[in-house]
>>> print(open('structure_22.txt').read())   # compact mmCIF, C-alpha atoms
# COMPACT_ATOMS: atom_id res chain seq x y z
CA MET A 1 21.60 -10.65 6.28
CA THR A 2 24.74 -8.95 5.01
CA VAL A 3 24.83 -5.24 5.67
CA ALA A 4 26.92 -2.53 4.10
CA ALA A 5 27.69 1.08 4.80
CA THR A 6 26.78 4.05 2.70
CA PRO A 7 28.06 7.60 3.21
CA PRO A 8 26.88 8.69 6.68
CA ALA A 9 24.01 11.08 6.98
CA PRO A 10 22.77 13.15 9.90
CA LYS A 11 19.81 11.81 11.83
CA LEU A 12 16.52 12.90 10.33
CA GLU A 13 14.82 15.06 12.91
CA LEU A 14 11.36 13.65 12.41
CA PRO A 15 9.18 12.98 15.46
CA PRO A 16 7.09 9.82 15.85
CA LEU A 17 3.90 9.81 13.81
CA LYS A 18 0.79 10.40 15.93
CA LEU A 19 -2.51 8.97 14.69
CA GLY A 20 -5.02 9.51 17.47
CA PRO A 21 -4.01 7.13 20.29
CA ILE A 22 -1.43 5.38 18.07
CA THR A 23 2.23 6.37 18.03
CA VAL A 24 4.33 5.09 15.14
CA ASP A 25 7.92 5.55 16.29
CA THR A 26 9.38 5.11 12.79
CA PRO A 27 7.06 7.20 10.60
CA VAL A 28 6.94 4.69 7.75
CA ILE A 29 3.76 3.06 6.44
CA LEU A 30 3.56 -0.07 4.31
CA ALA A 31 1.03 0.80 1.62
CA PRO A 32 -1.84 -1.65 1.21
CA MET A 33 -1.31 -3.63 -1.98
CA ALA A 34 -3.81 -6.18 -3.24
CA GLY A 35 -2.38 -9.67 -3.31
CA ILE A 36 0.82 -8.47 -1.64
CA THR A 37 0.40 -7.12 1.90
CA ASN A 38 -1.15 -10.17 3.49
CA SER A 39 -0.08 -11.27 6.97
CA ALA A 40 2.89 -13.23 5.59
CA PHE A 41 4.45 -10.25 3.85
CA ARG A 42 3.62 -7.91 6.70
CA ARG A 43 5.49 -10.21 9.09
CA LEU A 44 8.55 -10.26 6.86
CA CYS A 45 8.57 -6.46 6.67
CA ARG A 46 8.14 -5.79 10.35
CA GLU A 47 10.88 -8.26 11.28
CA TYR A 48 13.31 -5.86 9.62
CA GLY A 49 12.14 -2.47 10.82
CA GLY A 50 9.60 -0.33 12.57
CA GLY A 51 6.55 1.29 11.07
CA MET A 52 2.89 0.55 10.49
CA TYR A 53 1.84 -2.22 8.14
CA VAL A 54 -1.50 -1.99 6.37
CA ALA A 55 -3.41 -5.06 5.20
CA GLU A 56 -4.64 -5.55 1.63
CA MET A 57 -7.54 -3.38 0.61
CA VAL A 58 -10.94 -4.90 1.33
CA THR A 59 -14.21 -3.77 -0.18
CA SER A 60 -16.81 -2.49 2.23
CA ARG A 61 -19.55 -4.55 0.67
CA ALA A 62 -17.58 -7.80 0.90
CA LEU A 63 -16.77 -7.08 4.53
CA VAL A 64 -20.36 -6.32 5.47
CA GLU A 65 -21.40 -9.53 3.71
CA ARG A 66 -18.66 -11.37 5.64
CA THR A 67 -17.23 -13.17 2.66
CA PRO A 68 -14.48 -15.62 3.69
CA GLU A 69 -11.88 -13.78 1.62
CA SER A 70 -12.72 -10.41 3.18
CA LEU A 71 -12.40 -11.87 6.67
CA ARG A 72 -9.03 -13.39 5.74
CA ILE A 73 -7.82 -10.03 4.46
CA ILE A 74 -8.57 -8.25 7.73
CA SER A 75 -7.06 -10.98 9.90
CA HIS A 76 -3.86 -10.07 11.73
CA ASP A 77 -1.19 -11.98 13.59
CA ASP A 78 -1.48 -11.87 17.37
CA ASP A 79 1.75 -9.89 17.65
CA GLU A 80 0.82 -7.14 15.20
CA LYS A 81 0.80 -4.11 17.46
CA VAL A 82 -1.41 -2.06 15.17
CA ARG A 83 -4.11 -3.90 13.23
CA SER A 84 -4.42 -1.68 10.19
CA VAL A 85 -7.19 -2.17 7.61
CA GLN A 86 -7.87 -0.33 4.36
CA LEU A 87 -11.44 -0.06 3.06
CA TYR A 88 -12.68 0.69 -0.42
CA GLY A 89 -16.22 1.82 -1.09
CA VAL A 90 -18.37 4.25 -3.06
CA ASP A 91 -21.54 4.19 -1.00
CA PRO A 92 -21.53 6.07 2.34
CA VAL A 93 -24.02 3.67 3.93
CA THR A 94 -21.96 0.60 3.06
CA VAL A 95 -18.68 2.20 4.07
CA GLY A 96 -20.23 3.28 7.36
CA ALA A 97 -21.52 -0.23 8.01
CA ALA A 98 -18.09 -1.70 7.34
CA VAL A 99 -16.38 0.73 9.71
CA ARG A 100 -19.05 0.03 12.33
CA MET A 101 -18.38 -3.69 12.04
CA LEU A 102 -14.64 -3.22 12.48
CA VAL A 103 -15.21 -1.05 15.54
CA GLU A 104 -17.94 -3.04 17.26
CA GLU A 105 -16.18 -6.37 16.73
CA ASP A 106 -12.75 -5.00 17.68
CA ARG A 107 -11.14 -6.02 14.39
CA ALA A 108 -8.93 -2.97 13.75
CA ASP A 109 -6.86 -0.33 15.51
CA HIS A 110 -6.52 1.90 12.45
CA ILE A 111 -8.68 2.29 9.34
CA ASP A 112 -7.67 3.84 6.04
CA LEU A 113 -9.97 4.74 3.13
CA ASN A 114 -8.82 4.15 -0.44
CA PHE A 115 -9.26 7.10 -2.78
CA GLY A 116 -6.15 6.35 -4.80
CA CYS A 117 -6.83 3.28 -6.91
CA PRO A 118 -6.39 4.04 -10.66
CA VAL A 119 -7.54 0.63 -11.95
CA PRO A 120 -10.18 1.07 -14.69
CA LYS A 121 -12.67 -1.40 -13.19
CA VAL A 122 -12.66 0.80 -10.08
CA THR A 123 -12.66 4.27 -11.62
CA ARG A 124 -15.31 3.49 -14.25
CA ARG A 125 -17.73 2.93 -11.36
CA GLY A 126 -16.74 6.19 -9.70
CA GLY A 127 -14.43 4.67 -7.12
CA GLY A 128 -10.80 5.05 -6.13
CA SER A 129 -9.04 8.09 -7.57
CA ALA A 130 -12.18 9.11 -9.48
CA LEU A 131 -14.30 9.58 -6.37
CA PRO A 132 -12.89 12.81 -4.83
CA TRP A 133 -14.04 14.67 -7.96
CA LYS A 134 -17.58 14.37 -6.59
CA ILE A 135 -17.26 16.61 -3.55
CA ASP A 136 -20.62 15.71 -2.02
CA LEU A 137 -20.01 11.96 -2.27
CA PHE A 138 -16.45 12.21 -0.98
CA THR A 139 -17.52 14.37 1.95
CA SER A 140 -20.36 12.04 2.89
CA ILE A 141 -18.15 8.94 2.85
CA VAL A 142 -15.37 10.51 4.89
CA GLN A 143 -17.69 12.09 7.46
CA THR A 144 -19.65 8.85 7.88
CA ALA A 145 -16.49 6.78 8.28
CA VAL A 146 -14.92 9.20 10.77
CA ARG A 147 -18.11 9.29 12.82
CA GLU A 148 -18.30 5.49 13.05
CA ALA A 149 -14.57 5.09 13.75
CA SER A 150 -14.65 7.72 16.50
CA LYS A 151 -17.10 5.58 18.48
CA GLY A 152 -14.21 3.22 19.13
CA ASN A 153 -11.52 5.93 19.32
CA ILE A 154 -10.01 4.46 16.15
CA PRO A 155 -8.05 6.87 13.95
CA LEU A 156 -9.21 7.03 10.35
CA THR A 157 -6.97 8.19 7.53
CA ILE A 158 -7.31 8.55 3.77
CA LYS A 159 -4.96 7.76 0.89
CA MET A 160 -5.50 9.55 -2.39
CA ARG A 161 -3.93 10.68 -5.66
CA LYS A 162 -3.50 14.17 -7.09
CA GLY A 163 -6.68 13.79 -9.11
CA ILE A 164 -8.06 12.27 -12.27
CA ASP A 165 -5.65 14.04 -14.63
CA ASP A 166 -3.74 17.30 -14.72
CA ASP A 167 -6.91 19.18 -15.73
CA HIS A 168 -9.00 17.66 -12.93
CA LEU A 169 -6.95 17.83 -9.73
CA THR A 170 -8.69 17.08 -6.46
CA TYR A 171 -6.05 16.62 -3.78
CA LEU A 172 -6.14 20.07 -2.17
CA ASP A 173 -9.93 20.19 -1.89
CA ALA A 174 -10.06 16.58 -0.72
CA GLY A 175 -7.33 17.16 1.84
CA ARG A 176 -9.14 20.13 3.36
CA ILE A 177 -12.47 18.28 3.43
CA ALA A 178 -10.82 15.29 5.09
CA ARG A 179 -9.14 17.47 7.69
CA ASP A 180 -12.37 19.32 8.47
CA SER A 181 -14.13 15.96 8.77
CA GLY A 182 -11.72 14.83 11.49
CA VAL A 183 -9.35 12.40 9.78
CA ALA A 184 -6.15 11.60 11.64
CA ALA A 185 -3.87 11.98 8.59
CA VAL A 186 -3.86 12.29 4.82
CA ALA A 187 -1.53 10.38 2.47
CA LEU A 188 -0.90 11.57 -1.08
CA HIS A 189 0.48 9.56 -3.97
CA GLY A 190 2.02 12.17 -6.23
CA ARG A 191 0.43 10.88 -9.45
CA THR A 192 -2.92 11.28 -11.16
CA ALA A 193 -5.17 8.41 -12.13
CA ALA A 194 -4.24 9.06 -15.76
CA GLN A 195 -0.57 8.40 -15.00
CA PHE A 196 -1.30 5.03 -13.42
CA TYR A 197 2.24 4.21 -12.14
CA SER A 198 4.13 5.71 -15.09
CA GLY A 199 6.46 8.67 -15.14
CA GLN A 200 7.65 10.37 -11.99
CA ALA A 201 5.68 11.09 -8.85
CA ASP A 202 5.12 14.82 -8.32
CA TRP A 203 6.66 15.48 -4.94
CA SER A 204 5.96 19.20 -5.32
CA ALA A 205 2.24 18.40 -5.03
CA ILE A 206 2.96 16.57 -1.79
CA ALA A 207 4.78 19.66 -0.53
CA ARG A 208 1.82 21.86 -1.48
CA LEU A 209 -0.56 19.60 0.43
CA ARG A 210 1.75 19.67 3.45
CA GLU A 211 1.70 23.47 3.33
CA ALA A 212 -2.09 23.57 2.91
CA LEU A 213 -2.72 21.29 5.89
CA PRO A 214 -0.40 22.43 8.68
CA ASP A 215 -2.66 21.10 11.42
CA ILE A 216 -2.74 17.35 10.62
CA PRO A 217 -0.09 14.81 9.57
CA VAL A 218 0.51 14.57 5.83
CA LEU A 219 2.25 11.49 4.42
CA GLY A 220 4.02 11.22 1.07
CA ASN A 221 3.87 8.30 -1.36
CA GLY A 222 5.43 7.65 -4.75
CA ASP A 223 8.89 6.69 -6.07
CA ILE A 224 10.41 5.64 -2.75
CA TRP A 225 12.76 2.92 -3.97
CA SER A 226 15.39 3.29 -1.25
CA ALA A 227 15.93 4.68 2.21
CA GLU A 228 17.71 7.62 0.64
CA ASP A 229 14.60 8.39 -1.43
CA ALA A 230 12.51 8.47 1.75
CA VAL A 231 14.89 10.85 3.49
CA ARG A 232 14.96 13.07 0.42
CA MET A 233 11.16 13.14 0.24
CA VAL A 234 10.90 14.23 3.87
CA ARG A 235 13.46 16.96 3.39
CA GLU A 236 12.00 18.23 0.12
CA THR A 237 8.33 18.15 1.08
CA GLY A 238 8.19 18.47 4.86
CA VAL A 239 5.90 15.46 5.25
CA ASP A 240 5.41 13.80 8.61
CA GLY A 241 6.10 10.32 7.26
CA VAL A 242 6.31 8.21 4.12
CA VAL A 243 4.15 5.50 2.59
CA VAL A 244 6.07 2.78 0.77
CA GLY A 245 4.43 0.59 -1.85
CA ARG A 246 6.09 -1.04 -4.86
CA GLY A 247 9.61 -0.25 -3.63
CA CYS A 248 9.44 -3.03 -1.05
CA GLN A 249 8.16 -5.73 -3.40
CA GLY A 250 10.73 -8.50 -3.18
CA ARG A 251 12.65 -6.35 -0.68
CA PRO A 252 11.03 -6.59 2.78
CA TRP A 253 14.41 -5.60 4.23
CA LEU A 254 13.81 -2.09 2.88
CA PHE A 255 12.04 -1.37 6.17
CA GLY A 256 15.27 -2.07 8.01
CA ASP A 257 17.04 0.39 5.73
CA LEU A 258 14.31 2.97 6.30
CA GLN A 259 14.51 2.73 10.08
CA ALA A 260 18.31 2.94 9.98
CA ALA A 261 18.24 5.97 7.68
CA PHE A 262 15.70 7.82 9.78
CA GLU A 263 17.89 7.17 12.82
CA GLY A 264 20.98 8.51 11.03
CA SER A 265 22.63 5.11 10.57
CA ASP A 266 24.52 4.26 7.40
CA VAL A 267 23.82 0.52 7.66
CA ARG A 268 21.93 -0.97 4.69
CA HIS A 269 20.88 -4.51 3.79
CA ARG A 270 22.76 -5.94 0.82
CA PRO A 271 21.71 -9.61 0.58
CA ASN A 272 23.64 -12.16 -1.41
CA LEU A 273 21.76 -14.78 -3.39
CA ARG A 274 21.72 -17.28 -0.51
CA GLN A 275 20.02 -14.73 1.73
CA VAL A 276 17.47 -13.85 -0.94
CA ALA A 277 16.70 -17.55 -1.49
CA ASP A 278 16.27 -18.08 2.25
CA GLY A 279 13.90 -15.12 2.33
CA VAL A 280 11.84 -16.46 -0.55
CA TYR A 281 11.50 -19.86 1.11
CA ARG A 282 10.45 -18.32 4.42
CA HIS A 283 7.94 -16.14 2.57
CA ALA A 284 6.44 -19.26 0.99
CA GLN A 285 6.21 -21.01 4.35
CA LEU A 286 4.45 -18.03 5.87
CA MET A 287 2.08 -17.87 2.88
CA ILE A 288 1.01 -21.44 3.54
CA GLU A 289 0.15 -20.44 7.11
CA THR A 290 -1.68 -17.36 5.83
CA PHE A 291 -3.87 -19.50 3.57
CA GLY A 292 -4.70 -22.02 6.26
CA GLY A 293 -2.34 -24.73 5.06
CA ASP A 294 -3.46 -24.54 1.43
CA GLU A 295 -0.07 -25.13 -0.19
CA TYR A 296 -1.40 -24.94 -3.74
CA LYS A 297 -2.94 -21.50 -3.21
CA ALA A 298 0.06 -20.23 -1.28
CA LEU A 299 2.57 -21.28 -3.94
CA ARG A 300 0.38 -19.84 -6.66
CA GLU A 301 0.42 -16.52 -4.79
CA ILE A 302 4.19 -16.54 -4.21
CA ARG A 303 4.90 -16.77 -7.94
CA LYS A 304 4.34 -13.06 -8.58
CA HIS A 305 7.06 -12.23 -6.07
CA MET A 306 9.83 -14.19 -7.82
CA ALA A 307 10.80 -11.58 -10.41
CA TRP A 308 10.88 -8.92 -7.68
CA TYR A 309 13.10 -10.92 -5.32
CA PHE A 310 15.60 -11.89 -8.01
CA LYS A 311 15.64 -8.58 -9.90
CA GLY A 312 19.22 -7.86 -10.93
CA TYR A 313 20.65 -11.18 -9.78
CA PRO A 314 22.17 -13.51 -12.41
CA VAL A 315 19.46 -16.16 -12.43
CA GLY A 316 19.07 -17.95 -15.76
CA GLY A 317 15.92 -17.56 -17.81
CA GLY A 318 15.04 -21.24 -17.55
CA LEU A 319 15.24 -21.21 -13.77
CA ARG A 320 13.31 -17.96 -13.58
CA ALA A 321 10.53 -19.51 -15.64
CA LYS A 322 10.36 -22.52 -13.31
CA LEU A 323 10.27 -20.28 -10.24
CA ALA A 324 7.41 -18.32 -11.81
CA THR A 325 5.35 -21.52 -12.07
CA VAL A 326 6.47 -23.29 -8.90
CA PRO A 327 3.76 -25.76 -7.75
CA THR A 328 4.89 -26.96 -4.30
CA LEU A 329 7.16 -26.05 -1.43
CA GLN A 330 9.32 -29.09 -2.16
CA VAL A 331 9.83 -28.01 -5.76
CA LEU A 332 10.60 -24.48 -4.60
CA ARG A 333 13.31 -25.81 -2.29
CA SER A 334 14.90 -27.81 -5.08
CA LEU A 335 14.85 -24.84 -7.47
CA LEU A 336 16.38 -22.52 -4.90
CA ASP A 337 19.12 -25.08 -4.28
CA GLU A 338 20.17 -24.68 -7.91
CA LEU A 339 21.20 -21.07 -7.28
CA ASP A 340 24.80 -20.11 -6.61
CA PRO A 341 24.52 -18.99 -2.97
CA ASP A 342 27.70 -16.92 -3.06
CA VAL A 343 26.58 -14.49 -5.74
CA PRO A 344 26.88 -11.05 -4.10
CA TYR A 345 24.40 -8.24 -4.01
CA PRO A 346 24.23 -6.78 -7.54
CA GLY A 347 23.82 -3.17 -6.47
CA VAL A 348 21.60 -0.76 -8.36
CA ASP A 349 20.49 -3.48 -10.77
CA SER A 350 18.35 -4.97 -8.02
CA GLU A 351 16.87 -1.65 -6.92
CA GLY A 352 14.51 0.86 -8.47
CA PRO A 353 11.03 0.34 -9.92
CA ARG A 354 9.42 -3.08 -9.84
CA GLY A 355 6.32 -4.44 -11.45
CA ARG A 356 4.40 -2.95 -14.36
CA ALA A 357 4.20 0.82 -14.39
CA GLY A 358 1.60 0.94 -17.14
CA THR A 359 1.34 3.86 -19.52
CA PRO A 360 -0.55 7.15 -19.25
CA LYS A 361 -4.09 6.81 -20.54
CA LYS A 362 -7.45 8.44 -20.32
CA PRO A 363 -9.11 7.17 -17.13
CA ALA A 364 -12.26 5.11 -17.41
CA LEU A 365 -15.04 7.12 -15.76
CA PRO A 366 -18.83 6.95 -15.38
CA LYS A 367 -20.90 8.74 -17.98
CA ASP A 368 -20.64 12.54 -17.75
CA TRP A 369 -18.53 12.22 -14.58
CA LEU A 370 -16.45 15.32 -15.27
CA ASP A 371 -19.38 17.57 -16.20
CA SER A 372 -19.97 18.58 -12.59
CA ARG A 373 -18.39 18.10 -9.18
CA ALA A 374 -21.78 17.00 -7.84
CA LEU A 375 -23.55 13.72 -8.54
CA ASN A 376 -26.52 13.81 -10.88
CA ASP A 377 -29.54 11.53 -10.35
CA GLU A 378 -28.31 8.84 -12.72
CA GLN A 379 -24.87 8.76 -11.12
CA SER A 380 -26.41 8.55 -7.67
CA ARG A 381 -28.38 5.49 -8.72
CA ASP A 382 -25.32 3.88 -10.27
CA ILE A 383 -23.20 4.52 -7.18
CA ALA A 384 -25.66 2.61 -5.02
CA ALA A 385 -24.93 -0.49 -7.10
CA ALA A 386 -21.23 0.07 -7.62
CA GLU A 387 -19.78 -1.75 -4.60
CA LEU A 388 -17.59 -4.31 -6.34
CA ASP A 389 -15.10 -6.82 -5.06
CA VAL A 390 -12.16 -5.10 -6.71
CA SER A 391 -8.60 -4.42 -5.70
CA GLY A 392 -5.95 -1.80 -6.32
CA GLY A 393 -4.05 0.96 -4.60
>>> encode(input="structure_22.txt", output="structure tokens")
Amino acid sequence: MTVAATPPAPKLELPPLKLGPITVDTPVILAPMAGITNSAFRRLCREYGGGMYVAEMVTSRALVERTPESLRIISHDDDEKVRSVQLYGVDPVTVGAAVRMLVEEDRADHIDLNFGCPVPKVTRRGGGSALPWKIDLFTSIVQTAVREASKGNIPLTIKMRKGIDDDHLTYLDAGRIARDSGVAAVALHGRTAAQFYSGQADWSAIARLREALPDIPVLGNGDIWSAEDAVRMVRETGVDGVVVGRGCQGRPWLFGDLQAAFEGSDVRHRPNLRQVADGVYRHAQLMIETFGGDEYKALREIRKHMAWYFKGYPVGGGLRAKLATVPTLQVLRSLLDELDPDVPYPGVDSEGPRGRAGTPKKPALPKDWLDSRALNDEQSRDIAAAELDVSGG
């Protein structure tokens, strides 16, 4: 991998991140992303740099029911030092059962709870970023999960958004409740559910949460597209570490840049087209392993990554279209061989936002959800049936 120097910066004086018995020397977390952060992608990321790498979100109900897909999601490579799992759920009993299973069967070293998903099919059932609005429900889920995780001395963290919209913010209340319930850390994505991934993340909200919770680690998430962004977030907000999501899509080497930046090094990865192509092919090979040798499924899954990997590089539209529908590893190899391997790193054109940001919109919520911060009888009944096999982050 070709590396290049940027203007030198002083070493960031940030201690290792402590989560219960776990020490993360480079305080960087790979955010769980559905369909992205499987074992193949996690391996690619950790080969470049240090940090903690969280698996795709899994629903508590699916895990308790032991669906094959849920068990695949929580599987980890033997050399993953920290087996990190993120759970989604809206029912305290089901979430507690899922945590208990992970603990009793020794399937995780760290558990995170998702309270940040803005996807309508999640929020309209009261889940994800809609859930912290209901203080009693949020408190019950977090306390139950912490209690079950503590039986195995497993640190439990939460990831959340600012709130539902600018008129219904929840992050400060939720952060205090989580701290008082015994969570090991709180991560905040500086957007509301209404923003989806549009606009700019509000780092000032992250700073306010850091100030409000001086006694536990607070992690910042949102608009970290480069190592320099991560350093700037730490300096502007005072967070104890950063959570990186979309910025690493198609750029697993970002974790090498992050580790270098945090250590004060000016070395950055600047791959030419040959190196990107080699990375794509290795990713596909690892995906086949991840899906138990199912080449068709693996290649179908790798397709979404193509636009991210080749963002900014001069790859013709016809070839891009073929890469986005690649059927087999052999075809992938032949398509990659059509690229000009000596094309250099295109600079800023390959960086910045990736994927669909969406547009601000009114969040989908259960009936009368915003009328009170407590569940009514009808909402309580609906919540009991709202455990869905959904994804988001």
>>> closest_atom_pairs(input="structure_22.txt", of="stretch 277-299 of chain A", to="stretch 64-85 of chain A", cutoff="10 Å", atoms="only C-alpha atoms", output="Markdown table")
| residue | atom | partner | partner_atom | distance |
| --- | --- | --- | --- | --- |
| A:Thr290 | CA | A:Arg72 | CA | 8.4 |
| A:Phe291 | CA | A:Arg72 | CA | 8.3 |
| A:Gly292 | CA | A:Arg72 | CA | 9.7 |
>>> closest_residue(input="structure_22.txt", among="A:Asn114, A:Gln200, A:Asn272, A:Thr37", to="A:Pro346", atoms="all atoms listed in the file")
A:Asn272
>>> closest_residue(input="structure_22.txt", among="A:Leu12, A:Ala55, A:Leu137, A:Met287", to="A:Ala260", atoms="all atoms listed in the file")
A:Leu12
>>> residues_around(input="structure_22.txt", residues="stretch 88-98 of chain A", least_positions_apart="2", cutoff="9 Å", atoms="all atoms listed in the file", output="NGL selection string")
:A and (57-64 or 86 or 100-103 or 112-115 or 125-128 or 131 or 137-138 or 140-149 or 383-388 or 390-391)
>>> atom_distance(input="structure_22.txt", atom1="atom CA of A:Arg124", atom2="atom CA of A:Ala194")
12.5 Å
>>> decode(input="structure_22.txt", residues="stretch 292-317 of chain A", atoms="N, CA and C atoms", output="compact mmCIF listing (two decimals), in the first residue's frame")
# COMPACT_ATOMS: atom_id res chain seq x y z
N GLY A 292 -19.57 -19.17 4.22
CA GLY A 292 -19.45 -20.63 4.18
C GLY A 292 -19.23 -21.21 2.80
N GLY A 293 -18.51 -20.49 1.94
CA GLY A 293 -18.23 -20.98 0.61
C GLY A 293 -19.29 -20.68 -0.42
N ASP A 294 -20.33 -19.96 -0.03
CA ASP A 294 -21.42 -19.62 -0.95
C ASP A 294 -20.97 -18.45 -1.82
N GLU A 295 -20.38 -18.77 -2.96
CA GLU A 295 -19.81 -17.73 -3.82
C GLU A 295 -20.89 -16.79 -4.36
N TYR A 296 -22.05 -17.34 -4.70
CA TYR A 296 -23.11 -16.50 -5.25
C TYR A 296 -23.53 -15.43 -4.23
N LYS A 297 -23.76 -15.85 -2.99
CA LYS A 297 -24.18 -14.89 -1.97
C LYS A 297 -23.07 -13.89 -1.67
N ALA A 298 -21.84 -14.37 -1.60
CA ALA A 298 -20.72 -13.48 -1.30
C ALA A 298 -20.55 -12.41 -2.36
N LEU A 299 -20.62 -12.81 -3.63
CA LEU A 299 -20.43 -11.83 -4.71
C LEU A 299 -21.62 -10.88 -4.81
N ARG A 300 -22.79 -11.36 -4.46
CA ARG A 300 -23.94 -10.47 -4.42
C ARG A 300 -23.75 -9.40 -3.34
N GLU A 301 -23.16 -9.80 -2.22
CA GLU A 301 -22.93 -8.86 -1.12
C GLU A 301 -21.81 -7.88 -1.43
N ILE A 302 -20.81 -8.30 -2.20
CA ILE A 302 -19.67 -7.42 -2.46
C ILE A 302 -20.06 -6.28 -3.41
N ARG A 303 -21.14 -6.46 -4.15
CA ARG A 303 -21.49 -5.48 -5.18
C ARG A 303 -21.69 -4.08 -4.60
N LYS A 304 -22.29 -3.98 -3.43
CA LYS A 304 -22.57 -2.66 -2.85
C LYS A 304 -21.30 -1.90 -2.53
N HIS A 305 -20.20 -2.62 -2.38
CA HIS A 305 -18.94 -1.98 -2.01
C HIS A 305 -18.22 -1.35 -3.20
N MET A 306 -18.58 -1.74 -4.42
CA MET A 306 -17.80 -1.33 -5.59
C MET A 306 -17.74 0.18 -5.76
N ALA A 307 -18.87 0.85 -5.68
CA ALA A 307 -18.88 2.31 -5.85
C ALA A 307 -18.04 2.99 -4.78
N TRP A 308 -18.04 2.44 -3.57
CA TRP A 308 -17.25 3.03 -2.49
C TRP A 308 -15.76 2.86 -2.76
N TYR A 309 -15.34 1.66 -3.14
CA TYR A 309 -13.91 1.42 -3.38
C TYR A 309 -13.37 2.31 -4.50
N PHE A 310 -14.15 2.46 -5.57
CA PHE A 310 -13.65 3.14 -6.75
C PHE A 310 -14.09 4.61 -6.83
N LYS A 311 -14.63 5.13 -5.74
CA LYS A 311 -15.04 6.54 -5.71
C LYS A 311 -13.85 7.44 -6.06
N GLY A 312 -14.03 8.27 -7.07
CA GLY A 312 -13.00 9.23 -7.46
C GLY A 312 -11.98 8.72 -8.46
N TYR A 313 -11.91 7.42 -8.64
CA TYR A 313 -10.95 6.85 -9.60
C TYR A 313 -11.58 6.85 -11.00
N PRO A 314 -10.78 7.04 -12.06
CA PRO A 314 -11.31 7.08 -13.41
C PRO A 314 -11.63 5.67 -13.94
N VAL A 315 -12.75 5.16 -13.51
CA VAL A 315 -13.24 3.86 -13.97
C VAL A 315 -14.47 4.11 -14.84
N GLY A 316 -14.46 3.65 -16.05
CA GLY A 316 -15.54 3.94 -16.98
C GLY A 316 -16.89 3.44 -16.51
N GLY A 317 -17.94 4.11 -16.98
CA GLY A 317 -19.30 3.75 -16.56
C GLY A 317 -19.67 2.33 -16.89
